[in-house]
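This is run.cif. It holds mmCIF, C-alpha atoms.
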data_data
#
loop_
_atom_site.label_atom_id
_atom_site.label_comp_id
_atom_site.auth_asym_id
_atom_site.auth_seq_id
_atom_site.Cartn_x
_atom_site.Cartn_y
_atom_site.Cartn_z
CA MET A 17 -21.28 -13.44 26.27
CA ALA A 18 -19.92 -12.66 29.73
CA GLY A 19 -16.99 -14.99 29.13
CA LEU A 20 -16.24 -13.21 25.86
CA ASN A 21 -16.16 -9.84 27.61
CA VAL A 22 -13.63 -11.19 30.11
CA SER A 23 -11.49 -12.36 27.19
CA PHE A 24 -11.70 -8.88 25.66
CA GLY A 25 -10.40 -7.41 28.91
CA TYR A 26 -7.59 -9.97 28.95
CA PHE A 27 -6.54 -9.08 25.39
CA PHE A 28 -6.51 -5.39 26.23
CA ALA A 29 -4.47 -5.93 29.40
CA VAL A 30 -1.85 -8.04 27.61
CA VAL A 31 -1.40 -5.58 24.74
CA ALA A 32 -1.23 -2.60 27.13
CA LEU A 33 1.31 -4.30 29.39
CA CYS A 34 3.60 -5.26 26.51
CA GLU A 35 3.34 -1.79 24.99
CA VAL A 36 4.39 -0.19 28.27
CA ILE A 37 7.35 -2.58 28.54
CA ARG A 38 8.43 -1.78 24.97
CA ARG A 39 8.27 1.98 25.46
CA ILE A 40 10.11 2.01 28.77
CA SER A 41 12.83 -0.38 27.61
CA LYS A 42 13.32 1.58 24.39
CA LYS A 43 14.21 4.65 26.43
CA LEU A 44 16.43 2.86 28.94
CA LEU A 45 18.25 0.19 26.93
CA PRO A 46 20.74 0.52 24.05
CA LEU A 47 19.15 0.24 20.65
CA LYS A 48 20.89 -3.04 19.74
CA VAL A 49 19.81 -4.71 22.97
CA TYR A 50 16.27 -3.44 22.54
CA SER A 51 15.90 -4.46 18.89
CA SER A 52 17.56 -7.88 19.27
CA LEU A 53 16.22 -9.02 22.62
CA LEU A 54 13.59 -7.11 24.52
CA VAL A 55 11.26 -6.09 21.71
CA GLU A 56 11.20 -9.70 20.47
CA LEU A 57 10.63 -11.02 24.00
CA ALA A 58 7.76 -8.63 24.70
CA SER A 59 6.15 -9.05 21.28
CA CYS A 60 6.29 -12.85 21.41
CA PHE A 61 4.81 -12.78 24.89
CA GLN A 62 1.98 -10.61 23.54
CA LEU A 63 1.42 -12.88 20.55
CA GLY A 64 1.54 -16.09 22.57
CA ALA A 65 -0.65 -14.90 25.45
CA CYS A 66 -3.36 -13.74 23.06
CA TRP A 67 -3.06 -16.88 20.95
CA PHE A 68 -3.65 -19.23 23.92
CA GLU A 69 -6.79 -17.37 24.95
CA LEU A 70 -8.02 -17.29 21.36
CA GLN A 71 -7.37 -21.03 20.97
CA MET A 72 -9.47 -21.61 24.07
CA LEU A 73 -12.32 -19.67 22.45
CA VAL A 74 -11.97 -21.72 19.24
CA ILE A 75 -12.15 -25.05 21.08
CA ILE A 76 -14.72 -24.31 23.77
CA GLY A 77 -16.56 -21.26 22.44
CA PRO A 78 -18.95 -22.91 19.95
CA TRP A 79 -20.48 -25.29 22.53
CA GLY A 80 -19.54 -23.62 25.82
CA GLY A 81 -19.94 -19.94 24.97
CA GLY A 82 -22.66 -19.94 22.36
CA PHE A 83 -20.76 -18.09 19.63
CA GLY A 84 -19.58 -19.37 16.29
CA MET A 85 -16.38 -19.32 14.26
CA ASP A 86 -17.28 -16.00 12.64
CA VAL A 87 -16.71 -14.27 15.98
CA VAL A 88 -13.41 -16.06 16.52
CA MET A 89 -12.10 -15.31 13.01
CA THR A 90 -13.03 -11.66 13.40
CA LEU A 91 -11.13 -11.58 16.68
CA LEU A 92 -8.17 -13.26 15.02
CA PHE A 93 -8.02 -10.63 12.26
CA LEU A 94 -8.33 -7.74 14.72
CA LEU A 95 -5.72 -9.15 17.09
CA TYR A 96 -3.15 -9.71 14.36
CA SER A 97 -3.77 -6.21 13.05
CA ILE A 98 -3.13 -4.86 16.55
CA HIS A 99 -0.02 -7.03 16.89
CA GLU A 100 1.49 -5.77 13.65
CA ALA A 101 0.70 -2.17 14.59
CA THR A 102 2.28 -2.40 18.06
CA PHE A 103 5.24 -4.77 17.57
CA ASP A 104 7.60 -1.86 16.78
CA GLY A 105 9.48 -3.80 14.11
CA ALA A 106 9.64 -7.10 16.00
CA GLU A 107 9.42 -10.22 13.87
CA ALA A 108 7.95 -12.51 16.56
CA ASN A 109 8.54 -15.55 14.34
CA PRO A 110 11.81 -17.49 13.97
CA LEU A 111 11.00 -18.19 10.31
CA VAL A 112 10.85 -14.47 9.53
CA THR A 113 14.22 -14.06 11.22
CA VAL A 114 15.61 -16.95 9.15
CA GLN A 115 14.22 -15.25 6.06
CA GLY A 116 16.20 -12.13 6.93
CA LEU A 117 19.34 -14.21 7.41
CA LEU A 118 18.89 -15.93 4.05
CA ARG A 119 18.46 -12.56 2.34
CA SER A 120 21.50 -11.12 4.16
CA ASN A 121 19.31 -8.52 5.87
CA CYS A 122 20.30 -9.59 9.36
CA ALA A 123 23.58 -10.40 11.08
CA ALA A 124 24.07 -13.95 12.35
CA LEU A 125 24.55 -12.96 16.01
CA SER A 126 21.53 -10.69 15.95
CA GLY A 127 19.45 -13.47 14.38
CA ILE A 128 20.46 -15.97 17.06
CA LEU A 129 19.57 -13.50 19.83
CA LYS A 130 16.21 -12.77 18.23
CA ILE A 131 15.30 -16.45 17.90
CA SER A 132 16.29 -17.12 21.52
CA ALA A 133 14.13 -14.21 22.71
CA GLN A 134 11.22 -15.44 20.58
CA PHE A 135 11.24 -18.91 22.12
CA GLY A 136 11.61 -17.41 25.60
CA GLY A 137 8.70 -15.04 25.08
CA MET A 138 6.40 -17.83 23.89
CA HIS A 139 7.11 -20.05 26.87
CA LEU A 140 6.59 -17.13 29.26
CA ALA A 141 3.24 -16.53 27.56
CA LYS A 142 2.28 -20.19 28.12
CA ALA A 143 3.05 -19.89 31.82
CA ALA A 144 1.09 -16.64 32.10
CA ALA A 145 -1.93 -18.15 30.32
CA LYS A 146 -1.97 -21.14 32.66
CA LEU A 147 -1.84 -18.81 35.64
CA TYR A 148 -4.70 -16.77 34.22
CA TRP A 149 -6.83 -19.86 33.58
CA SER A 150 -6.21 -21.10 37.11
CA TRP A 151 -8.17 -18.11 38.42
CA GLU A 152 -11.27 -19.58 36.70
CA LEU A 153 -12.92 -16.23 36.11
CA THR A 154 -15.47 -17.78 33.74
CA ASP A 155 -16.87 -21.23 32.98
CA LEU A 156 -14.78 -21.29 29.80
CA HIS A 157 -11.61 -20.91 31.86
CA LEU A 158 -12.76 -23.62 34.26
CA ILE A 159 -13.21 -26.07 31.38
CA GLN A 160 -9.92 -25.03 29.77
CA ASN A 161 -8.05 -25.46 33.06
CA MET A 162 -9.25 -29.05 33.29
CA MET A 163 -8.54 -29.83 29.63
CA ASP A 164 -5.03 -28.42 29.81
CA MET A 165 -3.97 -31.11 32.26
CA ASP A 166 -4.00 -33.69 29.46
CA CYS A 167 -3.85 -31.88 26.13
CA SER A 168 -4.02 -33.63 22.75
CA SER A 169 -1.89 -33.10 19.67
CA ALA A 170 -2.66 -30.26 17.30
CA ILE A 171 -1.95 -32.57 14.35
CA GLN A 172 -5.30 -33.93 13.19
CA THR A 173 -4.05 -35.75 10.09
CA SER A 174 -1.08 -37.84 9.00
CA VAL A 175 2.41 -36.51 9.59
CA SER A 176 3.18 -36.23 5.87
CA GLN A 177 -0.01 -34.29 5.16
CA ALA A 178 0.51 -32.12 8.20
CA ALA A 179 4.06 -31.32 7.07
CA PHE A 180 2.77 -30.36 3.63
CA VAL A 181 0.05 -28.12 5.12
CA GLU A 182 2.50 -26.28 7.39
CA ALA A 183 4.98 -25.91 4.53
CA ALA A 184 2.30 -24.50 2.22
CA CYS A 185 1.14 -22.03 4.88
CA ALA A 186 4.70 -20.88 5.58
CA PHE A 187 5.48 -20.59 1.86
CA LEU A 188 2.46 -18.38 1.13
CA PHE A 189 2.98 -16.33 4.27
CA HIS A 190 6.60 -15.50 3.40
CA LEU A 191 5.71 -14.56 -0.17
CA VAL A 192 3.16 -12.08 1.18
CA VAL A 193 5.64 -10.72 3.75
CA MET A 194 8.34 -10.15 1.11
CA ARG A 195 5.91 -8.73 -1.44
CA PHE A 196 4.46 -6.14 0.95
CA GLU A 197 7.62 -5.23 2.88
CA GLY A 198 8.10 -2.02 0.91
CA VAL A 199 4.52 -0.76 0.82
CA ALA A 200 2.80 1.64 3.19
CA PHE A 201 2.57 0.55 6.82
CA GLY A 202 -1.23 0.34 6.87
CA TYR A 203 -1.41 -1.85 3.76
CA ARG A 204 1.31 -4.13 5.15
CA ILE A 205 -0.66 -4.62 8.38
CA LEU A 206 -3.87 -5.47 6.54
CA ALA A 207 -2.13 -7.82 4.09
CA LYS A 208 -0.42 -9.85 6.81
CA ALA A 209 -3.46 -10.00 9.09
CA LEU A 210 -5.73 -11.04 6.24
CA THR A 211 -3.27 -13.68 5.02
CA ILE A 212 -2.90 -15.21 8.49
CA SER A 213 -6.66 -15.22 9.03
CA VAL A 214 -7.32 -16.99 5.72
CA LEU A 215 -4.58 -19.56 6.28
CA VAL A 216 -5.80 -20.32 9.81
CA HIS A 217 -9.37 -20.69 8.57
CA ILE A 218 -8.35 -23.12 5.80
CA ALA A 219 -5.56 -25.13 7.46
CA GLY A 220 -6.65 -24.85 11.10
CA PRO A 221 -8.60 -28.14 11.18
CA TYR A 222 -5.47 -30.05 10.10
CA THR A 223 -2.53 -28.56 12.02
CA THR A 224 -3.94 -25.43 13.73
CA ALA A 225 -1.95 -23.50 11.07
CA LEU A 226 0.80 -22.28 13.36
CA PHE A 227 3.74 -21.87 10.88
CA ASN A 228 5.71 -20.40 13.79
CA PRO A 229 8.24 -22.78 15.40
CA ALA A 230 8.38 -20.84 18.67
CA LEU A 231 4.59 -20.78 19.02
CA ALA A 232 4.29 -24.46 18.05
CA SER A 233 6.86 -25.54 20.63
CA SER A 234 4.83 -23.93 23.42
CA VAL A 235 1.40 -24.94 22.10
CA THR A 236 1.63 -28.62 21.25
CA PHE A 237 5.10 -30.13 21.71
CA HIS A 238 4.28 -31.26 25.26
CA CYS A 239 0.95 -32.82 24.27
CA SER A 240 0.37 -36.53 23.72
CA GLY A 241 -0.52 -38.05 20.35
CA ASN A 242 2.75 -37.57 18.41
CA THR A 243 6.44 -37.95 19.12
CA LEU A 244 8.89 -35.09 19.44
CA SER A 245 10.51 -35.95 16.10
CA GLU A 246 7.13 -35.84 14.35
CA TYR A 247 6.40 -32.44 15.87
CA MET A 248 9.79 -31.17 14.74
CA ILE A 249 9.24 -32.43 11.17
CA VAL A 250 5.81 -30.82 10.92
CA TYR A 251 6.39 -27.51 12.71
CA TRP A 252 10.12 -26.91 12.31
CA LEU A 253 11.64 -28.71 9.33
CA SER A 254 8.88 -28.35 6.73
CA PRO A 255 8.29 -24.60 7.36
CA PHE A 256 12.05 -24.03 7.26
CA ILE A 257 12.32 -25.70 3.84
CA ALA A 258 9.31 -23.69 2.67
CA THR A 259 11.02 -20.49 3.80
CA ILE A 260 14.10 -21.32 1.71
CA LEU A 261 11.93 -22.05 -1.34
CA ALA A 262 9.97 -18.81 -0.87
CA VAL A 263 13.16 -16.73 -0.71
CA PHE A 264 14.56 -18.47 -3.78
CA LEU A 265 11.34 -17.99 -5.77
CA PHE A 266 11.00 -14.34 -4.77
CA ASN A 267 14.63 -13.29 -5.33
CA GLY A 268 15.82 -15.83 -7.86
CA ASN A 269 18.74 -16.58 -5.54
CA ILE A 270 19.63 -16.99 -1.87
CA PRO A 271 21.99 -14.09 -1.07
CA LEU A 272 23.44 -15.83 1.98
CA LEU A 273 24.54 -18.82 -0.13
CA PHE A 274 24.96 -17.51 -3.68
CA CYS A 275 24.30 -14.25 -5.55
CA LYS A 276 23.80 -15.46 -9.11
CA ASN A 277 20.17 -15.07 -10.17
CA LEU A 278 19.00 -18.42 -11.50
CA LEU A 279 15.38 -17.54 -12.26
CA TYR A 280 15.14 -13.97 -13.49
CA SER A 281 17.21 -12.13 -16.07
CA GLN A 282 18.93 -8.98 -14.89
CA ARG A 283 17.80 -5.94 -16.88
CA THR A 284 19.07 -2.44 -16.48
CA LYS A 285 16.54 0.04 -15.20
CA TYR A 286 17.54 2.79 -17.61
CA LYS A 287 17.97 2.47 -21.36
CA ILE A 288 21.24 3.72 -22.83
CA PRO A 289 20.53 5.85 -25.92
CA LYS A 290 22.35 4.85 -29.05
CA GLY A 291 24.85 7.31 -30.48
CA LYS A 292 23.65 9.31 -33.45
CA SER A 293 25.57 11.27 -36.00
CA THR A 294 25.19 15.06 -35.97
CA LEU A 295 25.28 15.15 -39.78
CA ASP A 296 22.26 15.65 -41.93
CA PRO A 297 21.33 12.72 -44.18
CA GLU A 298 22.58 14.54 -47.30
CA GLU A 299 25.89 15.36 -45.64
CA ASN A 300 26.33 11.72 -44.61
CA LYS A 301 25.78 10.63 -48.19
CA ALA A 302 28.29 13.18 -49.51
CA ILE A 303 30.94 12.09 -47.00
CA ASN A 304 30.35 8.41 -47.60
CA ARG A 305 30.82 8.91 -51.36
CA HIS A 306 34.36 10.11 -50.66
CA GLY A 307 35.08 7.32 -48.18
CA GLN A 308 35.02 9.60 -45.11
CA ARG A 309 33.83 8.16 -41.81
CA THR A 310 31.09 9.99 -39.98
CA PRO A 311 32.64 12.16 -37.26
CA GLY A 312 31.94 10.84 -33.76
CA ARG A 313 31.36 12.78 -30.58
CA GLY A 314 35.04 12.69 -29.73
CA ALA A 315 35.29 16.22 -28.40
CA GLN A 316 33.70 19.66 -28.43
CA GLU A 317 35.58 22.94 -28.50
CA MET A 318 34.51 26.15 -26.83
CA ILE A 319 35.66 29.15 -28.86
CA THR A 320 36.16 32.49 -27.14
CA GLY A 321 37.07 35.69 -29.07
CA GLN A 322 39.12 35.15 -32.23
CA LYS A 323 41.98 33.12 -30.86
CA LYS A 324 43.06 30.14 -32.87
CA LYS A 325 42.92 26.81 -31.01
CA THR A 326 44.04 23.39 -32.06
CA VAL A 327 42.59 20.40 -30.22
CA ALA A 328 43.72 16.81 -30.68
CA VAL A 329 40.80 14.42 -30.57
CA THR A 330 40.86 10.70 -30.06
CA GLY A 331 38.73 8.40 -32.16
CA SER A 332 37.58 9.15 -35.66
CA ALA A 333 38.31 12.92 -35.42
CA PRO A 334 42.06 13.42 -34.99
CA LEU A 335 42.31 17.21 -35.34
CA LEU A 336 40.15 20.33 -34.98
CA LEU A 337 41.45 23.61 -36.40
CA VAL A 338 40.01 27.08 -35.80
CA THR A 339 41.08 29.96 -38.02
CA PRO A 340 40.07 33.62 -37.34
CA THR A 341 38.07 35.49 -39.97
CA PRO A 342 37.37 39.22 -40.36
CA SER A 343 33.74 38.72 -39.51
CA GLY A 344 34.65 37.50 -36.04
CA ASN A 345 33.12 34.07 -36.60
CA ALA A 346 35.97 31.62 -36.82
CA PRO A 347 35.41 28.64 -39.14
CA LEU A 348 35.96 25.25 -37.56
CA ARG A 349 38.10 22.99 -39.72
CA TYR A 350 37.93 19.25 -39.24
CA ALA A 351 41.02 17.39 -40.42
CA GLY A 352 40.29 13.70 -40.76
CA ASP A 353 42.16 10.77 -42.22
CA ASP A 354 40.65 11.29 -45.68
CA GLY A 355 40.07 15.01 -45.99
CA ILE A 356 39.30 18.38 -44.41
CA PHE A 357 35.89 19.83 -43.68
CA THR A 358 35.24 23.36 -42.46
CA LYS A 359 32.33 24.87 -40.61
CA ARG A 360 31.68 28.27 -39.14
CA SER A 361 31.86 28.35 -35.33
CA ASP A 362 28.36 29.81 -35.01
CA GLN A 363 26.87 26.82 -36.78
CA PHE A 364 28.07 23.87 -34.70
CA SER A 365 24.71 22.14 -34.71
CA SER A 366 25.52 20.29 -37.94
CA TRP A 367 28.51 19.66 -40.14
CA SER A 368 28.54 20.62 -43.83
CA GLU A 369 31.05 19.60 -46.45
CA ASP A 370 33.14 22.58 -47.49
CA SER A 371 35.88 20.76 -49.33
CA VAL A 372 37.13 17.25 -49.50
CA LEU A 373 40.83 16.73 -50.00
CA PRO A 374 42.99 13.65 -50.22
CA PRO A 375 44.82 12.67 -47.04
CA GLU A 376 48.13 14.24 -48.20
CA ALA A 377 46.46 17.53 -49.17
CA ALA A 378 44.47 17.49 -45.95
CA ALA A 379 47.63 17.33 -43.89
CA ASP A 380 49.28 20.14 -45.96
CA ASN A 381 46.20 22.31 -45.64
CA ALA A 382 46.09 21.78 -41.90
CA SER A 383 49.76 22.83 -41.59
CA ASN A 384 49.22 25.94 -43.76
CA SER A 385 46.25 26.94 -41.64
CA LEU A 386 48.32 26.72 -38.50
CA ALA A 387 51.16 28.71 -40.08
CA GLY A 388 48.81 31.37 -41.42
CA GLY A 389 47.20 31.81 -38.03
CA ASN A 390 50.57 32.53 -36.49
#
Is it possible to express this structure as structure tokens?
Amino acid sequence: MAGLNVSFGYFFAVVALCEVIRRISKKLLPLKVYSSLLVELASCFQLGACWFELQMLVIIGPWGGGFGMDVVMTLLFLLYSIHEATFDGAEANPLVTVQGLLRSNCAALSGILKISAQFGGMHLAKAAAKLYWSWELTDLHLIQNMMDMDCSSAIQTSVSQAAFVEAACAFLFHLVVMRFEGVAFGYRILAKALTISVLVHIAGPYTTALFNPALASSVTFHCSGNTLSEYMIVYWLSPFIATILAVFLFNGNIPLLFCKNLLYSQRTKYKIPKGKSTLDPEENKAINRHGQRTPGRGAQEMITGQKKKTVAVTGSAPLLLVTPTPSGNAPLRYAGDDGIFTKRSDQFSSWSEDSVLPPEAAADNASNSLAGGN
């Protein structure tokens, strides 16, 4: 267990160093430079440096350190939880950056800078891990230092099967990332760490379950066993296609390419209430018997004092007439195409039929009411 304690100290030192770099650079550098370059560089260095040490424990630990895969998987879950909590918004994965570009959440120049910083951080982490192993602080590091001189490919199956495994891992990972991007920070950390741990446990024996092009290029591209084109198909092309499919399945479209939703129908969030007549059922029947249309909500009139007002209304209610009365409550007279209806101004909640006149008489009555008010 002494070798495992040394690895714990290494993990702590790497995370602490990268956190100090992030905090200092955030205060000194412009926000765009920090968010596009340095935070990605530091976070990818942290991820890669911890991954190389963890991979060493996976390969040598069971027979050289005396601990099983349960210890390694627990370490993997804890490390990814720490990474997500300390990355300060860094994506640390070119596929996640590509996902943001496809969803129009990231500018093209910013995406290119992020991806460049991610690859640079991973290769710096590889160099730092080799330097650390060369110190041979434990027997595990001594063995790893000798094995690293002639590494073997991480692909332990056929190229087609390996490409399918990496694509499936990337597809599921991106669905989880997009599904939990709006939830609370703690739940998002646990969801991503748990997803990565499960995928690594299931797909690790086949391709090491990297689904990170920057990490894969520093882990296995230089190893013998497969050609560069085969590595690129498995660790670059297939995860990239899976990312496109995940975005399309989640959104129903790819905003960078087209906006029309091809999978899901667009429904309004709020229901629009249907218009209802303000007439009572009996009043509607009485008006319909005389061929009068139900008055719409064309306009409302505020009556102050006993002044007579005439309001022209568009729609089914062409004219509203108000005539003063001795009681102080002016009746409201509705002059429609087929007749006149009156209602007292203190009873606007519903219309009642006062008299129904033919269109000619309705027009004469409306003119007399205006003349009488003057």
In terms of the shortest atom-to-atom distance over all atoms listed in the file, which of A:Leu54, A:Leu20, A:Met248, A:Ile171 is closest to Leu70 in chain A? A:Leu20
So which residues get picked by the PyMOL selection byres ((chain A and resi 229-238) around 8) here, written as a count of residues only? 22
Pick from A:Glu246, A:Glu182, A:Glu197, A:Glu56 nearest to Ala108 in chain A, counting all atoms listed in the file: A:Glu56
For Gly268 in chain A, work out the shell of residues within 12 Å, counting only C-alpha atoms and skipping chain neighbours fewer than 2 positions away, then give it as a PyMOL selection string. chain A and resi 119+260-266+270-271+274-282
Can you give me, as a list of chain:residue names, the residues this file yields under the PyMOL selection byres ((chain A and resi 258) around 9)? A:Glu182, A:Ala183, A:Ala184, A:Cys185, A:Ala186, A:Phe187, A:Leu188, A:His190, A:Leu253, A:Ser254, A:Pro255, A:Phe256, A:Ile257, A:Thr259, A:Ile260, A:Leu261, A:Ala262, A:Val263
List the residues selected by the PyMOL selection byres ((chain A and resi 94) around 12) in the file shown, writing them as a list of chain:residue names. A:Phe24, A:Phe27, A:Phe28, A:Cys66, A:Leu70, A:Val87, A:Val88, A:Met89, A:Thr90, A:Leu91, A:Leu92, A:Phe93, A:Leu95, A:Tyr96, A:Ser97, A:Ile98, A:His99, A:Glu100, A:Ala101, A:Ile205, A:Leu206, A:Lys208, A:Ala209, A:Leu210, A:Ile212, A:Ser213
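Between CA of Gly19 in chain A and CA of His157 in chain A there is a distance of 8.5 Å.
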Just want the 10 Å neighbourhood of Ser120 in chain A, counted on only C-alpha atoms, with same-chain residues fewer than 4 positions away dropped. Output as a ChimeraX atom specification. /A:114-116,124,270-273
Using all atoms listed in the file, pick whichever of A:Thr102, A:Ser52, A:Ser150, A:Ser41 has the shortest atom-to-atom distance to Leu125 in chain A.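 Checking each of A:Thr102, A:Ser52, A:Ser150, A:Ser41 against Leu125 in chain A, counting all atoms listed in the file, the winner is A:Ser52.
Proximity to Gly241 in chain A was assessed for A:Leu117, A:Cys167, A:Val199, A:Leu191 counting all atoms listed in the file; the smallest distance is recorded for A:Cys167.
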From CA of Val214 in chain A to CA of Thr173 in chain A the spacing works out at 19.5 Å
Any chance you could work out the axis-aligned box around range 136-155 of chain A, listed atoms only, 8 Å on each side, giving centre and edge lengths in Å to one decimal, as JSON?
{"center_x": -2.6, "center_y": -18.1, "center_z": 31.2, "size_x": 44.5, "size_y": 22.2, "size_z": 30.5}
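A straight line drawn from CA of Trp67 in chain A to CA of Leu147 in chain A is 14.9 Å long.
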Can range 64-78 of chain A be brought up to N, CA and C atoms and written out as a PDB file, keeping the file's coordinate frame?
ATOM      1  N   GLY A  64       1.863 -14.805  21.987  1.00  0.00           N
ATOM      2  CA  GLY A  64       1.540 -16.090  22.570  1.00  0.00           C
ATOM      3  C   GLY A  64       0.389 -16.027  23.575  1.00  0.00           C
ATOM      4  N   ALA A  65       0.401 -15.010  24.441  1.00  0.00           N
ATOM      5  CA  ALA A  65      -0.650 -14.900  25.450  1.00  0.00           C
ATOM      6  C   ALA A  65      -2.026 -14.721  24.807  1.00  0.00           C
ATOM      7  N   CYS A  66      -2.093 -13.921  23.768  1.00  0.00           N
ATOM      8  CA  CYS A  66      -3.360 -13.740  23.060  1.00  0.00           C
ATOM      9  C   CYS A  66      -3.757 -14.987  22.285  1.00  0.00           C
ATOM     10  N   TRP A  67      -2.761 -15.688  21.734  1.00  0.00           N
ATOM     11  CA  TRP A  67      -3.060 -16.880  20.950  1.00  0.00           C
ATOM     12  C   TRP A  67      -3.676 -17.983  21.841  1.00  0.00           C
ATOM     13  N   PHE A  68      -3.135 -18.182  23.043  1.00  0.00           N
ATOM     14  CA  PHE A  68      -3.650 -19.230  23.920  1.00  0.00           C
ATOM     15  C   PHE A  68      -5.104 -18.950  24.314  1.00  0.00           C
ATOM     16  N   GLU A  69      -5.402 -17.707  24.617  1.00  0.00           N
ATOM     17  CA  GLU A  69      -6.790 -17.370  24.950  1.00  0.00           C
ATOM     18  C   GLU A  69      -7.703 -17.532  23.742  1.00  0.00           C
ATOM     19  N   LEU A  70      -7.214 -17.152  22.583  1.00  0.00           N
ATOM     20  CA  LEU A  70      -8.020 -17.290  21.360  1.00  0.00           C
ATOM     21  C   LEU A  70      -8.234 -18.760  21.021  1.00  0.00           C
ATOM     22  N   GLN A  71      -7.216 -19.591  21.220  1.00  0.00           N
ATOM     23  CA  GLN A  71      -7.370 -21.030  20.970  1.00  0.00           C
ATOM     24  C   GLN A  71      -8.421 -21.621  21.904  1.00  0.00           C
ATOM     25  N   MET A  72      -8.447 -21.145  23.131  1.00  0.00           N
ATOM     26  CA  MET A  72      -9.470 -21.610  24.070  1.00  0.00           C
ATOM     27  C   MET A  72     -10.872 -21.257  23.560  1.00  0.00           C
ATOM     28  N   LEU A  73     -11.022 -20.061  22.996  1.00  0.00           N
ATOM     29  CA  LEU A  73     -12.320 -19.670  22.450  1.00  0.00           C
ATOM     30  C   LEU A  73     -12.689 -20.510  21.230  1.00  0.00           C
ATOM     31  N   VAL A  74     -11.698 -20.888  20.418  1.00  0.00           N
ATOM     32  CA  VAL A  74     -11.970 -21.720  19.240  1.00  0.00           C
ATOM     33  C   VAL A  74     -12.454 -23.106  19.661  1.00  0.00           C
ATOM     34  N   ILE A  75     -11.828 -23.682  20.676  1.00  0.00           N
ATOM     35  CA  ILE A  75     -12.150 -25.050  21.080  1.00  0.00           C
ATOM     36  C   ILE A  75     -13.447 -25.115  21.883  1.00  0.00           C
ATOM     37  N   ILE A  76     -13.599 -24.212  22.843  1.00  0.00           N
ATOM     38  CA  ILE A  76     -14.720 -24.310  23.770  1.00  0.00           C
ATOM     39  C   ILE A  76     -15.874 -23.373  23.401  1.00  0.00           C
ATOM     40  N   GLY A  77     -15.562 -22.271  22.716  1.00  0.00           N
ATOM     41  CA  GLY A  77     -16.560 -21.260  22.440  1.00  0.00           C
ATOM     42  C   GLY A  77     -17.820 -21.743  21.748  1.00  0.00           C
ATOM     43  N   PRO A  78     -17.732 -22.521  20.671  1.00  0.00           N
ATOM     44  CA  PRO A  78     -18.950 -22.910  19.950  1.00  0.00           C
ATOM     45  C   PRO A  78     -19.956 -23.675  20.807  1.00  0.00           C
TER      46      PRO A  78
END
